[in-house]
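Dropping my_file33.txt in here (compact mmCIF, C-alpha atoms and all ligand atoms):
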# COMPACT_ATOMS: atom_id res chain seq x y z
CA MET A 1 133.94 81.91 102.77
CA GLU A 2 133.89 79.69 105.81
CA PHE A 3 135.57 81.55 108.63
CA THR A 4 136.11 80.50 112.19
CA ILE A 5 138.70 81.67 114.61
CA ARG A 6 140.37 78.78 116.35
CA ASN A 7 142.41 78.82 119.44
CA PHE A 8 145.99 79.85 118.95
CA PRO A 9 147.98 76.82 117.81
CA SER A 10 149.58 74.92 120.60
CA ASN A 11 153.25 75.47 120.37
CA PRO A 12 155.70 73.67 122.61
CA THR A 13 158.50 76.08 121.70
CA LYS A 14 156.42 79.15 122.52
CA THR A 15 158.23 80.62 125.46
CA LEU A 16 158.63 84.15 126.72
CA ALA A 17 161.72 84.44 124.56
CA THR A 18 160.07 83.39 121.31
CA SER A 19 157.11 85.67 121.88
CA GLY A 20 159.63 88.51 122.10
CA LEU A 21 159.13 89.04 125.81
CA THR A 22 162.10 88.89 128.06
CA THR A 23 162.15 90.05 131.64
CA GLU A 24 163.85 93.31 130.55
CA THR A 25 161.32 94.19 127.85
CA GLN A 26 158.14 93.12 129.64
CA GLY A 27 157.57 96.44 131.43
CA SER A 28 158.56 98.70 128.54
CA PRO A 29 156.09 100.01 125.97
CA MET A 30 155.83 98.04 122.73
CA ILE A 31 156.51 101.14 120.62
CA ASP A 32 158.17 104.35 121.73
CA LEU A 33 158.74 107.09 119.15
CA ARG A 34 160.56 110.25 120.22
CA LYS A 35 160.62 113.40 118.10
CA ILE A 36 160.56 111.60 114.79
CA VAL A 37 161.32 113.79 111.80
CA LYS A 38 161.43 112.40 108.27
CA ILE A 39 162.63 114.55 105.40
CA PHE A 40 162.63 113.27 101.83
CA LYS A 41 165.11 114.98 99.54
CA ASN A 42 164.88 114.99 95.77
CA ALA A 43 165.75 117.23 92.80
CA ALA A 44 162.85 119.53 93.64
CA GLY A 45 164.15 120.10 97.17
CA GLU A 46 163.32 118.89 100.67
CA PHE A 47 159.96 117.67 101.83
CA THR A 48 159.26 117.12 105.54
CA VAL A 49 156.77 114.25 105.81
CA LEU A 50 156.92 113.62 109.59
CA LYS A 51 157.28 116.76 111.68
CA GLY A 52 158.36 115.64 115.13
CA ILE A 53 156.19 112.70 116.17
CA ASP A 54 156.00 111.48 119.76
CA LEU A 55 154.01 108.30 120.22
CA THR A 56 153.93 105.55 122.82
CA ILE A 57 151.97 102.34 122.28
CA GLN A 58 151.66 99.92 125.18
CA ARG A 59 151.79 96.15 124.89
CA GLY A 60 148.43 94.55 124.18
CA GLN A 61 146.86 97.62 122.56
CA PHE A 62 144.86 97.47 119.33
CA VAL A 63 145.62 100.76 117.63
CA SER A 64 144.26 102.23 114.42
CA ILE A 65 146.01 105.07 112.62
CA VAL A 66 143.98 107.21 110.24
CA GLY A 67 144.69 110.27 108.12
CA LYS A 68 144.17 111.63 104.65
CA SER A 69 146.10 110.17 101.75
CA GLY A 70 149.62 111.58 101.82
CA SER A 71 149.47 112.58 105.51
CA GLY A 72 152.41 110.28 106.37
CA LYS A 73 150.78 107.07 107.64
CA SER A 74 152.91 104.63 105.65
CA THR A 75 156.05 106.63 106.32
CA LEU A 76 155.26 106.44 110.04
CA LEU A 77 154.75 102.66 109.90
CA ASN A 78 158.03 102.31 108.01
CA MET A 79 159.82 103.97 110.94
CA ILE A 80 158.28 101.42 113.32
CA THR A 81 159.13 98.41 111.16
CA GLY A 82 162.65 99.60 110.37
CA ILE A 83 161.91 99.46 106.64
CA ASP A 84 162.91 103.14 106.38
CA HIS A 85 164.88 105.29 108.81
CA PRO A 86 164.03 108.63 110.43
CA THR A 87 166.02 111.77 109.62
CA HIS A 88 165.98 112.65 113.34
CA GLY A 89 164.59 111.02 116.45
CA GLN A 90 164.57 107.74 118.28
CA VAL A 91 162.53 104.59 117.67
CA CYS A 92 162.27 101.82 120.27
CA VAL A 93 160.24 98.73 119.45
CA ASN A 94 159.88 95.79 121.80
CA GLY A 95 162.75 97.14 123.89
CA THR A 96 165.17 97.53 120.97
CA ASP A 97 166.52 100.87 119.72
CA LEU A 98 166.21 100.31 115.97
CA TYR A 99 168.52 102.97 114.63
CA THR A 100 171.40 103.18 117.10
CA GLY A 101 174.30 100.83 116.42
CA LYS A 102 172.39 98.72 113.88
CA ASN A 103 172.79 98.33 110.15
CA GLU A 104 170.20 97.31 107.55
CA SER A 105 170.88 93.62 107.86
CA ASP A 106 170.67 93.71 111.70
CA ARG A 107 167.32 95.45 111.34
CA SER A 108 166.11 93.00 108.76
CA LEU A 109 166.90 90.03 111.00
CA TRP A 110 165.38 91.80 114.01
CA ARG A 111 162.23 92.48 111.96
CA GLY A 112 161.91 88.83 110.96
CA ARG A 113 161.89 87.75 114.58
CA ASN A 114 159.99 90.57 116.25
CA LEU A 115 157.21 91.69 113.99
CA GLY A 116 154.69 90.59 111.45
CA ILE A 117 153.83 92.94 108.63
CA VAL A 118 150.63 92.91 106.59
CA PHE A 119 150.29 95.01 103.44
CA GLN A 120 147.31 96.22 101.43
CA PHE A 121 148.21 94.08 98.42
CA PHE A 122 149.08 90.89 100.35
CA GLN A 123 152.47 90.42 98.60
CA MET A 124 152.31 86.64 98.52
CA LEU A 125 154.83 84.93 96.24
CA PRO A 126 152.63 83.76 93.34
CA MET A 127 154.50 80.57 92.50
CA LEU A 128 154.44 79.22 96.05
CA SER A 129 151.46 77.59 97.77
CA LEU A 130 149.85 79.34 100.73
CA LEU A 131 151.57 76.83 103.00
CA GLU A 132 154.98 77.56 101.48
CA ASN A 133 154.35 81.29 101.70
CA VAL A 134 153.60 80.94 105.41
CA MET A 135 156.78 78.92 105.94
CA LEU A 136 159.03 81.58 104.37
CA PRO A 137 159.50 83.82 107.44
CA MET A 138 160.46 80.78 109.57
CA ASP A 139 163.09 79.88 106.98
CA TYR A 140 164.36 83.44 106.82
CA ALA A 141 164.61 83.92 110.59
CA ASN A 142 165.78 80.34 110.97
CA MET A 143 163.19 79.67 113.64
CA TYR A 144 161.65 76.29 114.50
CA ASP A 145 163.11 72.95 113.41
CA PHE A 146 163.08 72.33 109.69
CA ASP A 147 160.60 69.44 110.09
CA GLU A 148 158.33 71.44 112.34
CA ARG A 149 157.81 74.34 109.92
CA PRO A 150 155.12 72.80 107.63
CA LYS A 151 153.13 71.68 110.66
CA ARG A 152 153.29 75.12 112.21
CA ALA A 153 152.34 76.76 108.89
CA LEU A 154 149.30 74.49 108.63
CA GLU A 155 148.30 75.34 112.21
CA LEU A 156 148.44 79.03 111.35
CA LEU A 157 146.39 78.54 108.17
CA THR A 158 143.89 76.60 110.29
CA LEU A 159 143.80 79.51 112.73
CA VAL A 160 142.66 81.82 109.93
CA GLY A 161 140.24 79.24 108.51
CA LEU A 162 142.27 78.24 105.45
CA GLU A 163 143.35 74.67 106.20
CA LYS A 164 141.55 73.38 103.08
CA GLN A 165 143.31 75.94 100.88
CA ALA A 166 146.83 75.29 102.18
CA ARG A 167 148.12 73.63 98.99
CA LYS A 168 146.60 76.19 96.62
CA LEU A 169 148.48 79.01 94.91
CA PRO A 170 147.57 82.55 96.04
CA LEU A 171 145.73 83.38 92.81
CA ALA A 172 143.52 80.30 93.20
CA VAL A 173 141.84 81.75 96.32
CA SER A 174 139.77 84.92 96.88
CA THR A 175 141.38 88.25 97.78
CA GLY A 176 139.95 87.99 101.29
CA GLN A 177 141.55 84.58 101.68
CA GLN A 178 144.86 85.88 100.33
CA GLN A 179 144.88 88.52 103.03
CA LEU A 180 144.03 85.92 105.71
CA ALA A 181 146.97 83.85 104.44
CA ALA A 182 149.17 86.96 104.57
CA ILE A 183 148.20 87.35 108.23
CA ALA A 184 149.06 83.70 108.89
CA ARG A 185 152.43 84.42 107.27
CA ALA A 186 152.89 87.52 109.46
CA LEU A 187 152.34 85.29 112.51
CA ALA A 188 154.84 82.65 111.36
CA THR A 189 157.59 83.59 113.80
CA ASN A 190 155.10 84.27 116.58
CA PRO A 191 156.00 87.98 116.81
CA PRO A 192 154.53 90.03 119.68
CA LEU A 193 153.70 92.91 117.31
CA LEU A 194 151.64 92.98 114.14
CA VAL A 195 151.83 96.05 111.89
CA ALA A 196 149.34 96.39 109.03
CA ASP A 197 149.18 99.08 106.33
CA GLU A 198 145.60 99.37 105.03
CA PRO A 199 145.06 95.61 105.37
CA THR A 200 141.41 95.86 104.36
CA GLY A 201 141.87 98.52 101.68
CA ASN A 202 141.49 96.02 98.86
CA LEU A 203 138.73 93.87 100.38
CA ASP A 204 134.93 93.84 100.42
CA SER A 205 133.35 94.79 103.73
CA ARG A 206 132.61 91.21 104.77
CA SER A 207 136.22 90.09 104.30
CA ALA A 208 137.38 93.29 106.01
CA ASP A 209 135.21 92.35 108.94
CA HIS A 210 136.86 88.94 109.18
CA ILE A 211 140.31 90.52 109.23
CA ILE A 212 139.32 92.81 112.10
CA GLU A 213 137.78 89.90 114.01
CA LEU A 214 141.03 88.03 113.61
CA PHE A 215 143.10 91.01 114.82
CA ASP A 216 140.77 91.35 117.76
CA GLN A 217 141.30 87.70 118.64
CA LEU A 218 145.10 88.13 118.40
CA VAL A 219 144.96 91.14 120.72
CA ARG A 220 142.99 89.05 123.23
CA GLU A 221 145.78 86.45 122.96
CA GLY A 222 148.23 89.18 124.05
CA LYS A 223 149.57 90.55 120.76
CA THR A 224 149.90 94.24 119.96
CA VAL A 225 148.29 95.28 116.66
CA VAL A 226 148.87 98.59 114.88
CA MET A 227 146.79 99.14 111.76
CA VAL A 228 146.62 102.00 109.29
CA THR A 229 143.17 102.28 107.78
CA HIS A 230 141.04 104.57 105.63
CA ASP A 231 137.85 102.97 106.87
CA SER A 232 136.37 104.93 109.77
CA SER A 233 133.93 102.10 110.55
CA LEU A 234 136.96 100.00 111.60
CA THR A 235 138.43 102.58 113.97
CA ALA A 236 135.46 102.14 116.29
CA ARG A 237 136.60 98.55 116.83
CA THR A 238 140.11 99.35 118.00
CA THR A 239 140.97 100.30 121.56
CA ARG A 240 142.79 103.41 120.47
CA ASN A 241 142.63 105.64 117.42
CA ILE A 242 145.44 107.93 116.33
CA ILE A 243 144.97 110.62 113.69
CA ILE A 244 147.83 112.00 111.65
CA SER A 245 147.37 115.26 109.79
CA ASP A 246 150.05 116.52 107.45
CA GLY A 247 152.87 114.75 109.30
CA GLU A 248 151.73 115.64 112.84
CA LEU A 249 149.70 113.72 115.39
CA ILE A 250 146.40 115.10 116.63
CA ASP A 251 145.97 115.02 120.39
CA GLU A 252 143.72 112.04 121.19
CA THR A 253 141.67 114.07 123.68
CA VAL A 254 140.94 116.72 121.06
CA ALA A 255 139.87 114.08 118.53
CA LYS A 256 137.63 112.36 121.06
CA THR A 257 136.07 115.56 122.42
CA LEU A 258 135.53 117.43 119.14
CA PRO A 259 134.98 114.64 116.60
CA LEU A 260 133.10 116.87 114.16
CA LEU A 261 136.14 119.02 113.41
CA LYS A 262 138.17 118.48 110.27
CA HIS A 263 141.62 116.98 110.89
CA ARG A 264 143.26 120.30 110.04
CA GLN A 265 141.09 122.04 112.67
CA MET A 266 141.84 119.35 115.26
CA LEU A 267 145.52 120.00 114.67
CA VAL A 268 145.07 123.72 115.32
CA VAL A 269 143.33 122.93 118.62
CA THR A 270 146.09 120.43 119.48
CA LYS A 271 148.68 123.16 119.10
CA LYS A 272 146.74 125.93 120.86
CA ALA A 273 145.35 124.03 123.84
CA GLU A 274 147.25 124.24 127.08
CA ARG A 275 147.70 121.19 129.30
CA MET A 276 146.82 121.58 133.00
CA THR A 277 146.88 119.11 135.87
CA PHE A 278 144.99 119.12 139.16
CA GLN A 279 145.46 117.01 142.27
CA PRO A 280 142.62 114.77 143.51
CA GLY A 281 139.93 116.96 145.11
CA GLN A 282 141.54 120.21 143.95
CA ALA A 283 139.30 123.12 142.89
CA ILE A 284 139.38 123.86 139.16
CA LEU A 285 136.83 126.70 138.91
CA ASN A 286 134.96 128.47 141.67
CA ARG A 287 131.37 129.48 141.15
CA ASN A 288 130.61 132.95 139.84
CA ILE A 289 134.02 133.70 138.43
CA HIS A 290 135.00 134.83 134.97
CA VAL A 291 135.57 131.80 132.71
CA ASP A 292 138.22 132.33 130.13
CA SER A 293 138.65 128.91 128.52
CA PHE A 294 136.95 125.84 127.14
CA PHE A 295 138.13 122.79 129.08
CA MET A 296 138.47 119.27 127.64
CA ILE A 297 139.04 116.37 130.02
CA ALA A 298 142.06 114.26 129.08
CA GLN A 299 142.26 112.16 132.26
CA GLY A 300 140.44 111.65 135.53
CA VAL A 301 136.95 112.58 136.66
CA VAL A 302 135.68 116.14 137.07
CA GLU A 303 132.80 116.99 139.40
CA ILE A 304 130.37 119.84 138.71
CA VAL A 305 129.12 121.04 142.06
CA LEU A 306 126.19 123.21 143.09
CA GLN A 307 125.95 124.59 146.57
CA GLY A 308 122.89 123.45 148.54
CA ASN A 309 120.83 125.68 150.84
CA LYS A 310 122.44 124.41 153.98
CA SER A 311 125.75 124.77 152.22
CA GLU A 312 125.99 121.06 151.50
CA ASP A 313 127.47 120.24 148.12
CA LEU A 314 125.39 118.73 145.37
CA ILE A 315 127.34 117.01 142.64
CA VAL A 316 125.20 117.59 139.55
CA SER A 317 127.43 115.69 137.21
CA ARG A 318 130.64 113.77 136.91
CA LEU A 319 132.46 114.32 133.64
CA VAL A 320 134.95 111.84 132.20
CA PRO A 321 137.62 111.94 129.46
CA GLY A 322 136.12 113.01 126.13
CA GLN A 323 133.69 115.39 127.89
CA TYR A 324 134.12 119.14 128.46
CA PHE A 325 132.99 122.13 130.48
CA GLY A 326 133.15 125.90 130.25
CA GLU A 327 131.04 126.02 127.08
CA VAL A 328 127.94 127.29 128.95
CA GLU A 329 129.80 130.32 130.23
CA LEU A 330 131.57 131.02 126.93
CA LEU A 331 128.34 130.73 124.93
CA ARG A 332 125.91 132.41 127.33
CA GLY A 333 127.86 134.78 129.52
CA ASP A 334 131.13 134.76 131.34
CA LYS A 335 130.51 133.83 134.99
CA SER A 336 130.75 130.21 136.07
CA ILE A 337 127.36 128.73 136.95
CA ALA A 338 128.72 126.04 139.25
CA SER A 339 132.00 125.14 140.85
CA VAL A 340 134.22 122.53 139.29
CA ARG A 341 136.72 120.27 141.01
CA ALA A 342 138.82 117.17 140.49
CA ALA A 343 137.15 114.07 141.97
CA ALA A 344 138.75 112.72 145.12
CA ASP A 345 140.26 109.54 143.74
CA ASN A 346 142.48 110.58 140.81
CA PRO A 347 144.40 113.54 139.45
CA VAL A 348 142.79 115.37 136.55
CA GLU A 349 144.43 116.39 133.32
CA LEU A 350 142.74 119.04 131.17
CA LEU A 351 143.31 120.71 127.84
CA ALA A 352 142.28 124.34 127.97
CA LEU A 353 141.47 126.35 124.84
CA LYS A 354 141.45 130.13 125.29
CA ARG A 355 138.21 132.05 124.71
CA ASP A 356 139.27 133.72 121.44
CA ASP A 357 140.56 130.46 119.96
CA PHE A 358 137.30 128.81 121.00
CA TYR A 359 135.22 131.43 119.18
CA VAL A 360 137.34 131.07 116.02
CA LEU A 361 136.84 127.32 116.21
CA LEU A 362 133.04 127.63 116.43
CA LYS A 363 132.99 130.00 113.49
CA GLU A 364 134.93 127.50 111.39
CA SER A 365 132.89 124.48 112.45
CA PRO A 366 129.13 125.16 112.48
CA LEU A 367 128.46 121.50 113.33
CA THR A 368 130.60 121.74 116.46
CA GLU A 369 128.89 125.00 117.41
CA GLU A 370 125.48 123.39 117.03
CA THR A 371 126.46 120.44 119.24
CA LEU A 372 127.98 122.62 121.95
CA GLU A 373 124.92 124.91 121.89
CA LYS A 374 122.64 121.93 122.48
CA VAL A 375 124.73 120.63 125.34
CA ALA A 376 124.96 124.06 126.94
CA GLN A 377 121.20 124.49 126.70
CA GLN A 378 120.55 121.08 128.19
CA ARG A 379 122.96 121.68 131.06
CA LEU A 380 121.43 125.05 131.85
CA GLU A 381 117.96 123.51 131.94
CA GLU A 382 119.10 120.74 134.25
CA ASN A 383 120.74 123.17 136.64
CA ARG A 384 117.72 125.44 136.44
CA SER A 385 115.38 122.66 137.52
CA LEU A 386 117.71 121.77 140.38
CA ASP A 387 117.70 125.46 141.29
CA ARG A 388 113.90 125.38 141.62
CA ARG A 389 114.35 122.55 144.08
CA GLY A 390 116.40 124.79 146.29
CA HIS A 391 119.93 124.68 144.99
CA SER A 392 121.72 127.80 143.95
CA THR A 393 123.25 127.68 140.48
CA GLY A 394 124.34 131.27 140.34
CA VAL A 395 123.11 131.55 136.75
CA GLN A 396 123.15 135.21 135.89
CA LYS A 397 119.53 136.27 135.46
CA ASP A 398 120.25 138.61 132.57
CA TYR A 399 121.56 135.86 130.29
CA ASP A 400 119.05 134.76 127.74
CA GLU A 401 116.27 134.35 130.26
CA THR A 402 113.66 133.41 127.64
CA SER A 403 115.54 130.36 126.43
CA LEU A 404 115.56 129.01 129.96
CA ALA A 405 111.79 129.06 130.33
N1 LIG B 501 160.40 107.71 99.17
C1 LIG B 501 159.80 108.89 99.10
N2 LIG B 501 160.40 109.94 98.51
C2 LIG B 501 159.81 111.14 98.44
N3 LIG B 501 158.59 111.40 98.97
C3 LIG B 501 157.93 110.40 99.55
C4 LIG B 501 158.50 109.10 99.67
N4 LIG B 501 157.60 108.30 100.34
C5 LIG B 501 156.54 109.08 100.61
N5 LIG B 501 156.74 110.34 100.16
C6 LIG B 501 155.79 111.45 100.29
O1 LIG B 501 155.47 111.59 101.66
C7 LIG B 501 154.10 111.92 101.85
C8 LIG B 501 153.47 110.92 102.77
O2 LIG B 501 153.44 109.67 102.15
P1 LIG B 501 152.81 108.38 102.84
O3 LIG B 501 153.47 108.18 104.16
O4 LIG B 501 152.91 107.26 101.87
O5 LIG B 501 151.30 108.84 103.07
P2 LIG B 501 150.00 107.97 103.41
O6 LIG B 501 150.42 106.57 103.69
O7 LIG B 501 149.41 108.67 104.60
O8 LIG B 501 149.11 108.10 102.24
C9 LIG B 501 153.49 111.92 100.46
O9 LIG B 501 153.40 113.26 100.03
C10 LIG B 501 154.47 111.15 99.64
O10 LIG B 501 154.45 111.61 98.30
MG MG B 502 149.98 104.77 102.75

Could you rewrite the structure in this file as C-alpha cells?
Amino acid sequence: MEFTIRNFPSNPTKTLATSGLTTETQGSPMIDLRKIVKIFKNAAGEFTVLKGIDLTIQRGQFVSIVGKSGSGKSTLLNMITGIDHPTHGQVCVNGTDLYTGKNESDRSLWRGRNLGIVFQFFQMLPMLSLLENVMLPMDYANMYDFDERPKRALELLTLVGLEKQARKLPLAVSTGQQQLAAIARALATNPPLLVADEPTGNLDSRSADHIIELFDQLVREGKTVVMVTHDSSLTARTTRNIIISDGELIDETVAKTLPLLKHRQMLVVTKKAERMTFQPGQAILNRNIHVDSFFMIAQGVVEIVLQGNKSEDLIVSRLVPGQYFGEVELLRGDKSIASVRAAADNPVELLALKRDDFYVLLKESPLTEETLEKVAQQRLEENRSLDRRGHSTGVQKDYDETSLA
C-alpha cells in the first residue's frame, strides 16, 4: 500500500470556529472528566464499570488508554463521545458540558461537529463509495456548501493516501485502507478531537504503523487524539499513556516509575501512596535520618546532595519524574545516606509509599525487587567512590559492607 502523509488540505472555511476553537474554549482543557461513575443494571443486579474517574486531557495531546479486556476502556470513551451517559459525574469536552441541559439529539449534533470517532471495525457503509462515506458527516452536520463536500472528501482521502481508491466500495480495498478511509471520514467536519477505540486492533502491524503515523501528523497539526489500544508497542509513540484497571485509573507516576508491576498492583500503589509537595529549594530528607518511605517523583527535579569536606554541597544526582529515591535506605538500612532537596527552579511533587507497603510490593513483584536492588547497589557504589574522594556519604558502615567492596 502506497502511503504518504500530505499536508492538511487547504480549507478556506477553516476558521477558529470550525476547528471548534472559540476564544472561550481555547484555554480550557479538551477533556475534563470529574468523578465519573458508570453503573450498568440488569436482571442479575448492578455492575459498577467506572468507579469515580477523574481525568483531564489538554488540547494537542496524543493520549493512549490501555487496560485489560473488560476494564472499562470503551465505556470510558463512550462517556467522552456522549454515546453513553455517566450514572454520576461531569463530562466537559471542548468547553461543552455534555450531560447538563442537553438531550440525545443535542449531543448527537454536538458530536457531529466537535469530534471524529474511529472504531475497530471501521463501520463504513458498504453500499457507498469511500468518497460518499467521507461526505456523510458533512451532510449530517450540514457543514460546508453542498458543492464543496465532494472536493473536501477527496482532499481528505488524498491526505490519507487513498485518492486513487475514492470511487471504490469499502470491501474492494484492504482492511488497512478501510481504516484510513474511516479516519478521513472522522476528519470530515474538521473536529478538534479524534477519539479512536482500538483503531489498529484488526490490522496487521504495517497498517497499524501507518495509522499511528497519521495520528501523529494530525497531532502536529494541532488536533487532540485519544486512542484506546491493546498494543503496548503503540503506547510508546503517544505523548501520554493512561492505564485503566477494573474501572479505576492508575496514577501516571506510579505506572511510569514501576512499569514492571501488574496493573492490579499499580492500582494498589496508586491508592496507598501519599502525595506531597515541596517548594523550590526546600529540604525533603536530611542526611542520617530514619527513612520511612519510598519516594516517586511526580513533578519537578530532586537533588541528591552529599556534604563536601569544607562543607560545600556536592550534587551527586538530579532525579526527574519517573525516578525515585529512598530505596537504598529501605533495602539496606534505615538511615539516609545523603540529603535530598527540591531543586531551586520548580516545586516538587512526590508520591510516598510507606515502608510496610513497599515491602509487600517487593514481595509480590520479584522483577521490581530485582530492578530496585540493582539501582540501590549502583547508587551505593557511586556514592562510595565519591566518598573515597573526600565526600562524606554517611553510609552506615555496618550495612552489608562486603557488597560495597
Ligand atoms: N451496555 C452494557 N450493559 C451491561 N454491561 C456492560 C455494558 N457495556 C459494557 N458492560 C460491561 O462493562 C465492562 C467494561 O466493558 P468495556 O468498557 O467494553 O471494556 P473494555 O473496552 O475495556 O474491554 C465489561 O465487564 C462489560 O461486560
Ligand atoms: Mg472495548

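Considering the residues A:Ala188, A:Leu258, A:Leu76, A:Leu193 and counting all atoms listed in the file, ligand LIG 501 (chain B) has its shortest atom-to-atom contact with A:Leu76.
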
Report task. Determine the nearest neighbour of ligand LIG 501 (chain B) from the options A:Val291, A:Val49, A:Ala208, A:Ile83, counting all atoms listed in the file. Result -> A:Val49

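Going from atom CA of A:Arg220 over to atom CA of A:Ile80, you cover 22.0 Å.
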
Query raised in the report: Which residues form the shell of 8 Å around ligand MG 502 (chain B) when you count only C-alpha atoms and all ligand atoms, given as a PyMOL selection string?
Result: chain A and resi 69-70+72-75+197-198+228

Query raised in the report: Using all atoms listed in the file, what are the residues with an atom within 12 Å of ligand LIG 501 (chain B), set out as an MDAnalysis selection string?
Result: chainID A and resid 37:51 65:79 83:86 119:120 196:198 201 227:230 243:249

Requested in this report: Could you jot down the atom CA of A:Arg185 to atom CA of A:Thr158 separation for me, Å, one decimal place?
Outcome: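 Computing the Euclidean distance for atom CA of A:Arg185 and atom CA of A:Thr158 yields 12.0 Å.
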
Query raised in the report: Counting all atoms listed in the file, which residues come within 10 Å of (144.5, 123.1, 116.8), with the point read in the file's coordinates, and could you list them as an MDAnalysis selection string?
Result: chainID A and resid 250:251 254 261 263:273 353 357 361

**Report entry** Best match for closeness to A:Lys223 among A:Ile211, A:Ala298, A:Leu194, A:Ile183, counting all atoms listed in the file
**Finding:**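 With all atoms listed in the file as the atom set, the closest residue is A:Leu194.
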